[in-house]
Amino acid sequence: MLAKKVNELNQEVKSLDTVGALRFLAEAYRSKIVFTTSFGYEDQVITHLIFKNDIPIEVITLDTGRLFKETYKVFSQTLDTYKKQINVYFPKGDAVEKMLSQKGPFSFYESVENRQECCHIRKVEPLNRALQGVEMWITGIRAEQSPNRKGMTFFELDEPRQIIKYNPLLNWTFDEVKTFVKQNNIPYNVLHDAGFVSIGCEPCTRAIKPGDDFRAGRWWWENNSKKECGLHTH
């Protein structure tokens with residue numbers, strides 16, 4: 001049933017621009033639609049489109065407890081600029097306490113399994129709570145971000161969560177995103193100016209060099225991993 005709806009939506013919004021599509025979905029899904037932001041370039045574009053056009057879509061973010069101070073700064077600037085609410089979800093304290101007590105603060109460097117455990121506790125579980133009762137999830141995914149994301153469509157079925165995902169910037173290039181941010185004076189994370197392309201938790205993110213893969217700055221010690229944390233399944 002949901003797979004059929006995904007196909008229908010991919011046809012229904014083809015003639016709409018991004019703002020028109022967001023308005024259409026806000027009306028169709030009302031309180032059962034959310035957008036998740038991590039305050040990177042792409043997410044700031046979508047936040048701008050939602051807030052500037054007063055589209056009734058809830059905006060949420062995950063505070064993992066390990067974010068850069070620059071991420072908190074752009075969070076604050078976004079609130080000041082648009083005067084809109086962004087709802088925050090934290091990891092469960094007891095799960096974080098148990099992991100740190102048993103394995104220490106940097107267990108994620110020791111194995112892929114440990115890193116995935118940390119990602120699950122700090123990101124996946126809070127996201128699952130945030131998406132409870134939600135039918136439409138909007139993300140900032142772009143196709144050129146990683147090989148895993150090529151071949152995706154604007155609407156995708158997240159099978160494990162049985163929820164439809166909408167990727168409005170799917171076919172935007174990185175240069176198009178940066179130009180839109182600049183032209184519209186949108187607050188952005190200054191780490192982008194220092195070579196940070198994909199920005200996540202501070203211990204797991206670093207700048208990349210020109211020509212590097214888009215995800216090279218994430219979990220760089222895992223040369224053979226798929227560079228995903230579990231938030232997005234394909």
# chains A, B, ... in the order shown; residues from 1 in each chain; ligands from 1
call {"tool": "residues_around", "arguments": {"residues": "range 41-56 of chain A", "least_positions_apart": "4", "cutoff": "7 Å", "atoms": "only C-alpha atoms", "output": "number ranges by chain"}}
result
A: 19, 23, 26, 37, 82, 84, 140, 177-178, 181, 188
call {"tool": "closest_residue", "arguments": {"among": "A:Trp172, A:Phe155, A:Tyr166, A:Phe68", "to": "Ala3 in chain A", "atoms": "only C-alpha atoms"}}
result
A:Phe155
call {"tool": "closest_atom_pairs", "arguments": {"of": "range 42-74 of chain A", "to": "range 203-223 of chain A", "cutoff": "12 Å", "atoms": "only C-alpha atoms", "output": "CSV"}}
result
residue,atom,partner,partner_atom,distance
A:Thr64,CA,A:Pro203,CA,11.6
A:Gly65,CA,A:Pro203,CA,11.1
A:Arg66,CA,A:Pro203,CA,7.4
A:Leu67,CA,A:Pro203,CA,8.5
A:Phe68,CA,A:Pro203,CA,8.9
call {"tool": "write_last_selection", "arguments": {"atoms": "C-alpha atoms", "output": "compact mmCIF listing (two decimals), in the first residue's frame"}}
result
# COMPACT_ATOMS: atom_id res chain seq x y z
CA THR A 64 23.43 13.75 20.31
CA GLY A 65 25.40 15.41 23.10
CA ARG A 66 28.55 15.36 20.92
CA LEU A 67 27.85 18.21 18.48
CA PHE A 68 30.25 20.98 17.46
call {"tool": "closest_residue", "arguments": {"among": "A:Met99, A:Val88, A:Met152, A:Leu2", "to": "Pro126 in chain A", "atoms": "only C-alpha atoms"}}
result
A:Val88
call {"tool": "select_by_dssp", "arguments": {"residues": "range 17-151 of chain A", "states": "strand (DSSP E)", "output": "PyMOL selection string"}}
result
chain A and resi 33-37+58-62+87-89+136-138
call {"tool": "write_last_selection", "arguments": {"atoms": "C-alpha atoms", "output": "mmCIF file, in the first residue's frame"}}
result
data_model
loop_
_atom_site.group_PDB
_atom_site.id
_atom_site.type_symbol
_atom_site.label_atom_id
_atom_site.label_comp_id
_atom_site.auth_asym_id
_atom_site.auth_seq_id
_atom_site.Cartn_x
_atom_site.Cartn_y
_atom_site.Cartn_z
ATOM 1 C CA ILE A 33 4.640 15.277 8.707
ATOM 2 C CA VAL A 34 8.049 16.340 10.061
ATOM 3 C CA PHE A 35 11.360 17.649 8.773
ATOM 4 C CA THR A 36 14.586 16.661 10.558
ATOM 5 C CA THR A 37 17.511 19.075 10.490
ATOM 6 C CA GLU A 58 7.161 20.524 12.326
ATOM 7 C CA VAL A 59 10.942 20.936 12.321
ATOM 8 C CA ILE A 60 12.925 18.730 14.692
ATOM 9 C CA THR A 61 16.596 18.085 15.440
ATOM 10 C CA LEU A 62 18.575 15.420 17.263
ATOM 11 C CA ASN A 87 11.825 20.697 18.628
ATOM 12 C CA VAL A 88 14.785 18.821 20.120
ATOM 13 C CA TYR A 89 15.174 15.104 20.851
ATOM 14 C CA MET A 136 5.812 11.715 6.005
ATOM 15 C CA TRP A 137 9.461 12.417 6.832
ATOM 16 C CA ILE A 138 11.305 15.182 4.973
#
call {"tool": "residues_around", "arguments": {"residues": "Asn171 in chain A", "least_positions_apart": "5", "cutoff": "12 Å", "atoms": "only C-alpha atoms", "output": "CSV table (one decimal) with C-alpha atoms, in the first residue's frame"}}
result
chain,number,residue,atom,x,y,z
A,18,THR,CA,9.8,22.7,-4.0
A,42,GLU,CA,21.0,21.3,2.8
A,140,GLY,CA,18.0,16.9,3.2
A,141,ILE,CA,19.4,13.9,1.3
A,142,ARG,CA,21.0,14.7,-2.1
A,143,ALA,CA,21.9,12.0,-4.7
A,144,GLU,CA,25.5,13.1,-5.2
A,145,GLN,CA,26.3,12.8,-1.4
A,149,ARG,CA,22.1,7.6,-2.5
A,150,LYS,CA,22.3,7.6,-6.3
A,151,GLY,CA,19.3,6.2,-8.0
A,152,MET,CA,16.9,7.4,-5.3
A,153,THR,CA,13.7,9.1,-6.1
A,154,PHE,CA,12.1,12.2,-4.5
A,176,GLU,CA,23.3,25.0,-6.2
A,177,VAL,CA,22.8,24.5,-2.4
call {"tool": "closest_residue", "arguments": {"among": "A:Pro105, A:Gln116, A:Leu9, A:Glu125", "to": "Lys92 in chain A", "atoms": "only C-alpha atoms"}}
result
A:Glu125
call {"tool": "closest_residue", "arguments": {"among": "A:Asn114, A:Pro168, A:Val190, A:Glu159", "to": "Leu16 in chain A", "atoms": "only C-alpha atoms"}}
result
A:Pro168
call {"tool": "closest_residue", "arguments": {"among": "A:Glu8, A:Glu97, A:Glu70, A:Asp158", "to": "Ser38 in chain A", "atoms": "only C-alpha atoms"}}
result
A:Glu70
call {"tool": "closest_residue", "arguments": {"among": "A:Pro187, A:Pro160, A:Gly195, A:Gly133", "to": "Leu79 in chain A", "atoms": "only C-alpha atoms"}}
result
A:Pro187
